[in-house]
Every structure is written in structure tokens, then in C-alpha cells.
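Peer 1: File name input-v4.txt; file contents compact mmCIF, C-alpha atoms; full text below.
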# COMPACT_ATOMS: atom_id res chain seq x y z
CA MET A 658 51.12 24.64 -25.56
CA SER A 659 51.51 21.21 -24.04
CA LYS A 660 48.42 19.15 -23.55
CA HIS A 661 48.27 17.71 -20.04
CA ARG A 662 46.48 14.48 -19.58
CA HIS A 663 45.01 14.18 -16.09
CA THR A 664 43.50 11.10 -14.54
CA GLU A 665 40.36 12.16 -12.74
CA PRO A 666 40.10 10.65 -9.24
CA PRO A 667 37.33 8.02 -9.03
CA SER A 668 33.97 9.07 -7.58
CA ASP A 669 33.34 8.80 -3.83
CA LEU A 670 31.13 5.78 -4.36
CA VAL A 671 33.74 3.92 -6.40
CA LEU A 672 36.39 4.73 -3.78
CA ARG A 673 34.13 3.49 -0.99
CA VAL A 674 33.46 0.21 -2.83
CA LYS A 675 37.18 -0.28 -3.50
CA ALA A 676 38.01 0.43 0.17
CA LEU A 677 35.36 -2.04 1.35
CA GLU A 678 36.56 -4.69 -1.08
CA SER A 679 40.22 -4.39 0.00
CA LEU A 680 39.23 -4.53 3.68
CA LEU A 681 37.12 -7.66 3.20
CA LEU A 682 39.92 -9.32 1.19
CA GLU A 683 42.67 -8.35 3.68
CA LYS A 684 40.66 -9.64 6.63
CA GLY A 685 40.06 -12.92 4.80
CA LEU A 686 36.28 -12.46 4.90
CA VAL A 687 35.91 -12.66 1.14
CA ASP A 688 37.60 -14.88 -1.41
CA ALA A 689 38.36 -12.72 -4.47
CA ALA A 690 37.60 -15.61 -6.83
CA ALA A 691 34.22 -16.12 -5.12
CA LEU A 692 33.45 -12.43 -5.64
CA ASP A 693 34.24 -12.81 -9.36
CA ILE A 694 31.83 -15.76 -9.58
CA LEU A 695 29.08 -13.79 -7.82
CA ILE A 696 29.50 -10.83 -10.18
CA ASP A 697 29.70 -13.05 -13.28
CA THR A 698 26.60 -14.98 -12.18
CA TYR A 699 24.37 -11.92 -11.90
CA GLU A 700 25.96 -9.90 -14.72
CA ASN A 701 26.08 -12.62 -17.36
CA LYS A 702 24.16 -15.73 -16.39
CA VAL A 703 21.08 -14.96 -14.30
CA GLY A 704 18.66 -12.28 -15.46
CA PRO A 705 15.18 -11.56 -16.81
CA ARG A 706 15.68 -13.86 -19.82
CA ASN A 707 15.13 -16.69 -17.32
CA GLY A 708 11.75 -15.31 -16.28
CA ALA A 709 10.83 -14.71 -19.92
CA LYS A 710 11.31 -18.42 -20.64
CA VAL A 711 8.99 -19.31 -17.76
CA VAL A 712 6.32 -16.87 -18.99
CA ALA A 713 6.59 -18.05 -22.61
CA ARG A 714 6.09 -21.67 -21.56
CA ALA A 715 3.09 -20.73 -19.44
CA TRP A 716 1.58 -19.02 -22.52
CA ALA A 717 2.35 -21.94 -24.82
CA ASP A 718 1.56 -24.88 -22.53
CA PRO A 719 -1.68 -24.76 -20.47
CA ALA A 720 -0.58 -27.71 -18.31
CA TYR A 721 2.63 -25.88 -17.40
CA LYS A 722 0.67 -22.72 -16.58
CA THR A 723 -1.54 -24.73 -14.20
CA ARG A 724 1.55 -26.12 -12.45
CA LEU A 725 3.15 -22.66 -12.32
CA LEU A 726 0.15 -21.02 -10.67
CA ALA A 727 -0.29 -23.92 -8.22
CA ASP A 728 3.36 -24.32 -7.16
CA ALA A 729 5.62 -21.73 -8.76
CA THR A 730 8.82 -22.79 -6.99
CA THR A 731 8.63 -26.35 -8.35
CA ALA A 732 7.45 -25.33 -11.83
CA ILE A 733 10.24 -22.74 -12.19
CA ALA A 734 12.79 -25.33 -10.99
CA GLU A 735 11.92 -27.40 -14.09
CA PHE A 736 14.15 -24.90 -15.94
CA GLY A 737 16.89 -25.19 -13.31
CA PHE A 738 16.12 -21.67 -12.04
CA VAL A 739 16.55 -22.20 -8.30
CA GLY A 740 18.26 -20.83 -5.23
CA ARG A 741 18.96 -17.58 -3.47
CA GLN A 742 15.98 -15.19 -3.33
CA GLY A 743 13.84 -17.66 -5.24
CA GLU A 744 13.42 -20.30 -2.55
CA ASP A 745 9.67 -19.68 -2.20
CA MET A 746 8.02 -18.27 -5.32
CA LEU A 747 4.51 -17.17 -6.17
CA VAL A 748 3.37 -16.32 -9.70
CA VAL A 749 0.42 -13.93 -10.04
CA GLU A 750 -1.52 -13.85 -13.29
CA ASN A 751 -2.70 -10.75 -15.12
CA THR A 752 -6.15 -11.07 -16.72
CA PRO A 753 -8.38 -8.62 -18.61
CA GLY A 754 -9.81 -7.53 -15.23
CA ILE A 755 -6.78 -7.79 -12.92
CA HIS A 756 -3.32 -6.20 -13.14
CA ASN A 757 -0.62 -7.24 -10.67
CA LEU A 758 2.26 -5.05 -9.51
CA THR A 759 5.15 -6.12 -7.25
CA VAL A 760 7.17 -4.05 -4.77
CA CYS A 761 9.14 -4.50 -1.56
CA THR A 762 8.30 -1.50 0.63
CA LEU A 763 10.75 -2.50 3.39
CA CYS A 764 13.86 -3.08 1.26
CA SER A 765 14.47 -4.56 -2.20
CA CYS A 766 13.29 -8.20 -2.15
CA TYR A 767 13.20 -9.50 -5.71
CA PRO A 768 13.12 -12.94 -7.39
CA TRP A 769 16.79 -13.29 -8.37
CA PRO A 770 16.72 -16.70 -10.17
CA VAL A 771 14.12 -15.47 -12.68
CA LEU A 772 14.82 -11.71 -12.88
CA GLY A 773 18.44 -11.28 -11.74
CA LEU A 774 19.24 -8.29 -9.54
CA PRO A 775 16.67 -5.48 -9.23
CA PRO A 776 16.95 -2.24 -11.21
CA VAL A 777 17.97 0.85 -9.22
CA TRP A 778 14.47 2.40 -9.32
CA TYR A 779 12.97 -0.74 -7.77
CA LYS A 780 15.21 -0.25 -4.72
CA ALA A 781 14.64 3.52 -4.51
CA ALA A 782 12.31 5.09 -1.92
CA PRO A 783 10.01 6.84 -4.45
CA TYR A 784 8.99 3.58 -6.14
CA ARG A 785 8.76 1.65 -2.87
CA SER A 786 6.52 4.20 -1.17
CA ARG A 787 4.36 5.16 -4.14
CA ALA A 788 3.73 1.70 -5.62
CA VAL A 789 1.48 0.85 -2.67
CA HIS A 790 0.00 4.34 -2.22
CA ASP A 791 -0.57 5.44 -5.81
CA PRO A 792 -0.12 2.44 -8.12
CA ARG A 793 -2.11 4.03 -10.94
CA GLY A 794 0.09 7.14 -10.85
CA VAL A 795 3.27 5.04 -10.85
CA LEU A 796 2.03 2.94 -13.79
CA ARG A 797 1.11 6.10 -15.69
CA GLU A 798 4.71 7.31 -15.29
CA PHE A 799 5.86 4.00 -16.77
CA GLY A 800 3.52 4.71 -19.71
CA LEU A 801 0.75 2.34 -18.67
CA GLU A 802 -2.71 3.84 -18.23
CA LEU A 803 -5.17 1.27 -16.90
CA PRO A 804 -8.95 1.68 -17.13
CA GLU A 805 -10.79 2.34 -13.85
CA ASP A 806 -12.59 -0.99 -14.05
CA VAL A 807 -9.32 -2.95 -13.97
CA GLU A 808 -8.43 -4.03 -10.42
CA ILE A 809 -4.82 -3.39 -9.46
CA ARG A 810 -3.31 -5.80 -6.97
CA VAL A 811 -0.07 -4.60 -5.40
CA TRP A 812 2.02 -7.40 -3.87
CA ASP A 813 4.30 -6.12 -1.11
CA SER A 814 6.96 -8.82 -0.73
CA THR A 815 8.08 -7.97 2.79
CA ALA A 816 8.19 -11.59 3.98
CA GLU A 817 9.66 -14.76 2.48
CA LEU A 818 7.70 -15.13 -0.76
CA ARG A 819 9.09 -13.72 -3.99
CA TYR A 820 6.74 -12.70 -6.78
CA LEU A 821 6.71 -12.93 -10.56
CA VAL A 822 3.92 -11.41 -12.64
CA LEU A 823 2.58 -13.56 -15.47
CA PRO A 824 1.65 -10.91 -18.07
CA GLU A 825 -1.20 -11.38 -20.54
CA ARG A 826 -0.17 -12.97 -23.81
CA PRO A 827 -0.32 -10.30 -26.52
CA THR A 828 -2.99 -10.80 -29.14
CA GLY A 829 -1.92 -11.91 -32.62
CA THR A 830 0.83 -14.19 -31.33
CA GLU A 831 -1.00 -17.51 -31.81
CA SER A 832 1.58 -18.77 -34.33
CA PHE A 833 4.64 -17.73 -32.28
CA SER A 834 7.13 -20.32 -31.05
CA GLU A 835 8.11 -20.41 -27.38
CA ASP A 836 11.39 -18.60 -28.21
CA GLU A 837 9.52 -15.91 -30.14
CA LEU A 838 7.09 -15.50 -27.27
CA ALA A 839 9.95 -15.19 -24.77
CA SER A 840 11.40 -12.30 -26.80
CA LEU A 841 8.21 -10.30 -26.08
CA VAL A 842 8.54 -10.61 -22.29
CA THR A 843 10.41 -7.77 -20.61
CA ARG A 844 11.70 -7.43 -17.06
CA ASP A 845 9.23 -4.58 -16.48
CA ALA A 846 6.30 -6.75 -17.61
CA MET A 847 7.29 -9.38 -15.02
CA ILE A 848 7.52 -6.72 -12.25
CA GLY A 849 4.12 -5.43 -13.40
CA VAL A 850 5.04 -1.89 -14.47
CA ALA A 851 4.48 -2.73 -18.15
CA LYS A 852 2.63 -5.13 -20.38
CA ALA A 853 4.06 -7.65 -22.77
CA THR A 854 3.49 -6.38 -26.28
CA ALA A 855 3.59 -7.99 -29.73
CA PRO A 856 6.16 -6.69 -32.25
CA ASP A 857 3.42 -4.44 -33.71
CA GLY A 858 2.78 -2.93 -30.28
CA THR A 859 -0.50 -4.65 -29.43
CA ALA A 860 -0.81 -5.97 -25.89
CA GLY A 861 -3.33 -8.01 -23.97
CA ALA A 862 -7.03 -7.36 -23.64
CA ASN A 863 -7.13 -4.58 -21.01
CA THR A 864 -5.34 -1.83 -22.91
CA MET B 254 33.49 -16.17 10.05
CA PRO B 255 34.97 -18.28 7.22
CA ALA B 256 34.93 -16.73 3.78
CA LEU B 257 32.66 -18.09 1.08
CA LEU B 258 35.13 -19.92 -1.18
CA ALA B 259 35.03 -19.86 -4.97
CA LYS B 260 34.58 -23.62 -5.15
CA ASP B 261 31.40 -23.42 -3.03
CA THR B 262 29.88 -20.23 -4.45
CA THR B 263 27.69 -21.57 -7.26
CA ALA B 264 26.39 -24.44 -5.12
CA GLN B 265 25.56 -22.02 -2.29
CA LEU B 266 23.67 -19.70 -4.65
CA ARG B 267 21.68 -22.63 -6.06
CA LYS B 268 20.96 -23.98 -2.59
CA GLY B 269 19.66 -20.66 -1.27
CA GLY B 270 18.36 -20.40 2.27
CA SER B 271 14.61 -20.78 2.65
CA ALA B 272 13.06 -19.52 5.90
CA ARG B 273 10.33 -22.17 5.46
CA VAL B 274 10.44 -24.83 8.17
CA ALA B 275 8.91 -28.32 8.41
CA THR B 276 7.70 -27.76 11.98
CA GLU B 277 3.98 -28.52 12.38
CA VAL B 278 2.32 -25.49 13.92
CA PRO B 279 -1.45 -24.96 14.03
CA ALA B 280 -2.65 -22.05 11.88
CA LYS B 281 -4.51 -19.34 13.78
CA PHE B 282 -6.40 -18.23 10.69
CA ALA B 283 -7.92 -19.65 7.51
CA PRO B 284 -8.57 -18.11 4.08
CA GLY B 285 -11.58 -15.78 4.28
CA ASP B 286 -10.99 -14.80 7.93
CA ARG B 287 -11.07 -11.07 8.69
CA VAL B 288 -7.98 -9.95 10.61
CA VAL B 289 -6.58 -6.72 12.04
CA VAL B 290 -2.85 -5.99 12.14
CA ARG B 291 -1.60 -5.41 15.68
CA ASN B 292 -0.27 -2.00 16.67
CA LEU B 293 3.33 -3.18 16.90
CA ASN B 294 6.21 -0.72 17.24
CA PRO B 295 9.18 -2.84 18.23
CA PRO B 296 12.58 -1.19 18.72
CA GLY B 297 14.19 -3.90 16.57
CA HIS B 298 13.59 -5.87 13.38
CA THR B 299 10.08 -6.47 12.05
CA ARG B 300 8.49 -7.25 8.70
CA ALA B 301 5.18 -5.62 9.49
CA PRO B 302 5.30 -2.36 7.50
CA ARG B 303 4.09 0.65 9.49
CA TYR B 304 1.47 1.63 6.89
CA ILE B 305 -0.49 -1.56 7.50
CA ARG B 306 -0.67 -1.44 11.31
CA CYS B 307 -4.22 -1.33 12.77
CA LYS B 308 -5.70 -2.01 9.31
CA THR B 309 -8.29 -4.70 8.66
CA GLY B 310 -7.89 -7.24 5.88
CA THR B 311 -8.87 -10.71 4.72
CA ILE B 312 -6.70 -13.84 4.74
CA ASP B 313 -6.22 -14.71 1.05
CA ARG B 314 -4.04 -17.80 1.39
CA ASP B 315 -1.85 -19.64 3.87
CA HIS B 316 1.79 -19.91 2.67
CA GLY B 317 2.81 -22.42 5.36
CA VAL B 318 5.18 -22.23 8.32
CA PHE B 319 8.21 -19.91 8.38
CA VAL B 320 10.79 -18.69 10.88
CA PHE B 321 9.60 -15.51 12.65
CA PRO B 322 12.10 -12.71 11.80
CA ASP B 323 11.20 -10.48 14.76
CA THR B 324 12.64 -13.01 17.24
CA HIS B 325 15.11 -14.77 14.94
CA ALA B 326 16.92 -11.52 14.03
CA HIS B 327 17.64 -10.91 17.73
CA GLY B 328 18.83 -14.43 18.58
CA LYS B 329 15.63 -15.13 20.52
CA GLY B 330 14.64 -18.30 18.69
CA SER B 331 12.90 -19.07 15.42
CA SER B 332 9.27 -19.06 16.77
CA PRO B 333 7.99 -20.89 13.65
CA GLN B 334 4.47 -19.83 12.63
CA HIS B 335 2.18 -19.50 9.63
CA VAL B 336 2.61 -16.73 7.07
CA TYR B 337 -0.48 -15.61 5.17
CA SER B 338 -1.09 -13.44 2.18
CA VAL B 339 -3.53 -10.85 3.53
CA ARG B 340 -5.63 -8.70 1.20
CA PHE B 341 -6.32 -5.09 2.21
CA ALA B 342 -8.65 -2.86 0.20
CA ALA B 343 -6.76 0.24 -0.99
CA ARG B 344 -9.47 2.40 0.63
CA GLU B 345 -9.01 0.66 3.99
CA VAL B 346 -5.35 1.66 3.93
CA TRP B 347 -5.41 5.07 2.21
CA GLY B 348 -8.96 6.38 2.56
CA ASN B 349 -11.56 7.30 -0.01
CA ASP B 350 -9.15 8.99 -2.44
CA ALA B 351 -7.89 5.52 -3.34
CA SER B 352 -9.52 3.41 -6.04
CA PRO B 353 -12.53 1.40 -4.82
CA ARG B 354 -11.23 -1.59 -6.81
CA ASP B 355 -7.54 -1.77 -5.93
CA ALA B 356 -5.99 -3.87 -3.18
CA ILE B 357 -2.67 -4.52 -1.46
CA TYR B 358 -1.55 -8.04 -0.65
CA ILE B 359 1.02 -8.42 2.13
CA ASP B 360 2.57 -11.54 3.65
CA LEU B 361 2.12 -11.42 7.42
CA TRP B 362 2.99 -13.79 10.28
CA ASP B 363 0.47 -15.08 12.85
CA ASP B 364 1.98 -12.91 15.61
CA TYR B 365 1.18 -9.73 13.64
CA LEU B 366 -2.54 -10.49 13.49
CA ASP B 367 -5.66 -10.51 15.66
CA PRO B 368 -9.15 -11.63 14.63
CA SER B 369 -11.19 -8.63 13.48
CA GLN B 370 -14.05 -7.71 15.82
CA GLU B 371 -16.02 -6.06 13.00
As C-alpha cells, how would this structure be written, given the file I've shared?
Peer 2:
Amino acid sequence: MSKHRHTEPPSDLVLRVKALESLLLEKGLVDAAALDILIDTYENKVGPRNGAKVVARAWADPAYKTRLLADATTAIAEFGFVGRQGEDMLVVENTPGIHNLTVCTLCSCYPWPVLGLPPVWYKAAPYRSRAVHDPRGVLREFGLELPEDVEIRVWDSTAELRYLVLPERPTGTESFSEDELASLVTRDAMIGVAKATAPDGTAGANT
Amino acid sequence: MPALLAKDTTAQLRKGGSARVATEVPAKFAPGDRVVVRNLNPPGHTRAPRYIRCKTGTIDRDHGVFVFPDTHAHGKGSSPQHVYSVRFAAREVWGNDASPRDAIYIDLWDDYLDPSQE
């Protein structure tokens, strides 16, 4: 019996993307090399490791943290993290009594220079509608149960400001270097759906 | 429309395109002011989410002057005006099933807001 090898046709979505790309190229609206640079930038160069460096410095250097909370755009630019979807930044600080959560209910606004492109769930209707309506339920689904006496502040970034959450520094990390601290900071902690945790799993004060 | 060329791409990404403008416009509100979101239902573009219309909140901070998307998106001018972070209690927006502690902060333009009569 001969073994046929078939090539499955690509999915509808892949076909649609390919069709769009060839149209844009044929009409001269897109430069293929520019497209490669855009993809390379957000696949390989710009992502949540940028934001983690900002958070780690804020934990390690009180003067930097003061600058970051007073004028986030300028303080983040000290790292060279600037540009599209990060033109006007605000950093909101988690404390033992306050937990911040970010969402864009109207679309998918997100601070690209520090976090890269948003995850699919961040752009999806369930997260966008429920983050403002039932933040405690959403956080519970992410595995984060917050006590009733912690105030949750949901930041709906429907205008021109882009938000980054400054998580609480995990306890027991006093001797950590800035690089070691940065390794504890996840994308989800900077969106506000998680906490930063030490390697042994301990987080900040309000867990 | 000319294509974005490879040689300009990285510079364009780093430059970005802020909607903040240097125009001096008087602010209608100050931090601490109580405001109510207008009952706006425009047929076109707006950044006032429906769930916040007619709700009362407090100006938390003034972000400065920005282009107004509702007119700008339709080629009717940039109408620069102040954008504020406005704090709404979760219970004001969702009723008494919501947490008494939680709050929503939304960035809203002057033209979305009236002084609260409360």
C-alpha cells in the first residue's frame, strides 16, 4: 500500500493574511522589507523584558522610582524604551492596600515599548468586558485571590495614556541584583493580573 | 499613500505619534472636582465607553492637552482640550453587588464631562 503524503491547505486565517499581504505589496502600499523589520522588532527586540528592567530599577533605586511615578514617559526613556504606543506613559504602583489592573475596554491599547504586543486574551471581549465589571473574578481565574480589604483600581486605557503596573517587590529579595530582580517580573504582573513572586513563591505583602 | 519604507521603519516606531499638543487651553476641571459623564451617543468615533455614560466620578489628575478624537477622526479639526483621569467607584458604575472598595479610572476629555450637581 503506497503512503500518500498530502499537504493540508492552510487555515482560512492564514490564507486571509497571505491574501492581504500580497494585495498590499502589489499595490505598493507596503514595503516587504519594512514589514520584516516590524515583525522582527516585536517578535525579537521589544517585549516584556523591557518593562521588567524598568520595574527592577524602580525596586532597586528609590530615586528612579520617584522619577518613574512622577513622569513615567521620561523615566522609561532613560532605557531607550520610547515610541509607538508608549508616547504618554503612566506607571501605577501596587501597595499592600492597593492592587492595580489595566485593560482597554474599547480595543487593545497596550504599552508596546515596555511590554511588546498584547497577548490574545488581553484583546478578547471576555477580558475587556469583565476586567472592569468583575475584576476580582477575573483575577481569581488568573490564580490571584485578593483580600476584601485590598482596593482594586482598574485603569481603562481608552484615551492616550498607556499604563504599566509597578508590582510589589517580593519579600526576601533584599540581596538580589537588578538583573535578578528583573527575572522575577512577568508580563502578567505588569498588566496587573498576577504578582511578582520570589523564586520560592513568596510575593508582596497583600497575599 | 506612500509606503512606509524599510529605511524609515525603526525611526518611525521610535518617534511614535503622540496625540498630546502644546496648545494652551484652559482646563474646565481640577483634581477633586465631581463630574458627570454626558449622555453621548454619537454615530461616529468616540472614546467615551458606553458603560460610563451618566455616571458620576471625581477628577483624579489632569494629563494635559490632547487632540479630541471625536472630531479629529471625522476630519472636523483637532479641538485640543484637557484629558483627565477620572475615578468612579465600582458601586457607582455597577451597583451594590460591586465591592465597596474598588474603583475604575478612565481618561476622559473635557467635552465628555459636566460638573456634577450633587
Peer 1: Can you tell me, as a list in words, what residues are no more than 9 Å from Ile357 (chain B) when counting all atoms listed in the file, ignoring any on the same chain fewer than 6 positions away?
Peer 2: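 My list of contacting residues is Val789, Ile809, Arg810, Val811, Trp812 and Asp813 of chain A; Val339, Arg340, Phe341, Ala342, Ala343 and Val346 of chain B.
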Peer 1: Would you mind exporting C-alpha atoms of the selected residues as a compact mmCIF listing (two decimals), keeping the file's coordinate frame?
Peer 2:
# COMPACT_ATOMS: atom_id res chain seq x y z
CA VAL A 789 1.48 0.85 -2.67
CA ILE A 809 -4.82 -3.39 -9.46
CA ARG A 810 -3.31 -5.80 -6.97
CA VAL A 811 -0.07 -4.60 -5.40
CA TRP A 812 2.02 -7.40 -3.87
CA ASP A 813 4.30 -6.12 -1.11
CA VAL B 339 -3.53 -10.85 3.53
CA ARG B 340 -5.63 -8.70 1.20
CA PHE B 341 -6.32 -5.09 2.21
CA ALA B 342 -8.65 -2.86 0.20
CA ALA B 343 -6.76 0.24 -0.99
CA VAL B 346 -5.35 1.66 3.93
Peer 1: Dump as an NGL selection string the residues of chain A that approach chain B to within 10 Å, counting all atoms listed in the file.
Peer 2: :A and (681-682 or 684-695 or 698 or 737-745 or 747 or 755-759 or 761-763 or 770 or 786 or 788-793 or 805-818)
Peer 1: Mind checking which residues fall within 9 Å of region 287-293 of chain B, counting all atoms listed in the file, ignoring those fewer than 3 positions away in the same chain, and posting them as a PyMOL selection string?
Peer 2: chain B and resi 282+284+299+301+303+305-312+339+361+364-371
Peer 1: Take the residues from that selection and put them in a file with C-alpha atoms, as a PDB file, in the frame of the given file.
Peer 2:
ATOM      1  CA  PHE B 282      -6.400 -18.230  10.690  1.00  0.00           C
ATOM      2  CA  PRO B 284      -8.570 -18.110   4.080  1.00  0.00           C
ATOM      3  CA  THR B 299      10.080  -6.470  12.050  1.00  0.00           C
ATOM      4  CA  ALA B 301       5.180  -5.620   9.490  1.00  0.00           C
ATOM      5  CA  ARG B 303       4.090   0.650   9.490  1.00  0.00           C
ATOM      6  CA  ILE B 305      -0.490  -1.560   7.500  1.00  0.00           C
ATOM      7  CA  ARG B 306      -0.670  -1.440  11.310  1.00  0.00           C
ATOM      8  CA  CYS B 307      -4.220  -1.330  12.770  1.00  0.00           C
ATOM      9  CA  LYS B 308      -5.700  -2.010   9.310  1.00  0.00           C
ATOM     10  CA  THR B 309      -8.290  -4.700   8.660  1.00  0.00           C
ATOM     11  CA  GLY B 310      -7.890  -7.240   5.880  1.00  0.00           C
ATOM     12  CA  THR B 311      -8.870 -10.710   4.720  1.00  0.00           C
ATOM     13  CA  ILE B 312      -6.700 -13.840   4.740  1.00  0.00           C
ATOM     14  CA  VAL B 339      -3.530 -10.850   3.530  1.00  0.00           C
ATOM     15  CA  LEU B 361       2.120 -11.420   7.420  1.00  0.00           C
ATOM     16  CA  ASP B 364       1.980 -12.910  15.610  1.00  0.00           C
ATOM     17  CA  TYR B 365       1.180  -9.730  13.640  1.00  0.00           C
ATOM     18  CA  LEU B 366      -2.540 -10.490  13.490  1.00  0.00           C
ATOM     19  CA  ASP B 367      -5.660 -10.510  15.660  1.00  0.00           C
ATOM     20  CA  PRO B 368      -9.150 -11.630  14.630  1.00  0.00           C
ATOM     21  CA  SER B 369     -11.190  -8.630  13.480  1.00  0.00           C
ATOM     22  CA  GLN B 370     -14.050  -7.710  15.820  1.00  0.00           C
ATOM     23  CA  GLU B 371     -16.020  -6.060  13.000  1.00  0.00           C
TER      24      GLU B 371
END
Peer 1: Residues within 9 Å of His298 (chain B), please, as a VMD selection string. Count all atoms listed in the file; anything in the same chain fewer than 5 positions from it doesn't count.
Peer 2: chain B and resid 322 to 324 326 to 327
Peer 1: Identify which of the residues A:Arg826, A:His663, A:Arg785, A:Arg844 lies closest to Ala717 (chain A), counting all atoms listed in the file when measuring atom-to-atom distances.
Peer 2: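 Between A:Arg826, A:His663, A:Arg785, A:Arg844, the residue approaching Ala717 (chain A) most closely is A:Arg826.
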Peer 1: Step by step, gather every atom of region 338-345 of chain B that the file lists, find the box along x, y and z that holds them, add 3 Å on each side, and finally give centre and edge lengths in Å to one decimal, as JSON.
Peer 2:
{"center_x": -5.3, "center_y": -5.5, "center_z": 1.5, "size_x": 14.4, "size_y": 21.8, "size_z": 11.0}
Peer 1: Which distance in Å separates CA of Val771 (chain A) and CA of Leu803 (chain A), to one decimal?
Peer 2: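 We find that CA of Val771 (chain A) and CA of Leu803 (chain A) lie 25.9 Å from each other.
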Peer 1: What separation in Å, quoted to one decimal, exists between CA of Leu672 (chain A) and CA of Tyr767 (chain A)?
Peer 2: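 A separation of 27.3 Å between them.
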Peer 1: For the atom pair CA of Gly773 (chain A) and CA of Val703 (chain A), what is the interatomic distance in Å to one decimal place?
Peer 2: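 Between CA of Gly773 (chain A) and CA of Val703 (chain A) the gap works out to 5.2 Å.
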Peer 1: Out of A:Leu823, A:Met847, A:Leu801, A:Leu774, which residue has the shortest atom-to-atom distance to Tyr699 (chain A) when counting only C-alpha atoms?
Peer 2: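 Counting only C-alpha atoms, the residue closest to Tyr699 (chain A) is A:Leu774.
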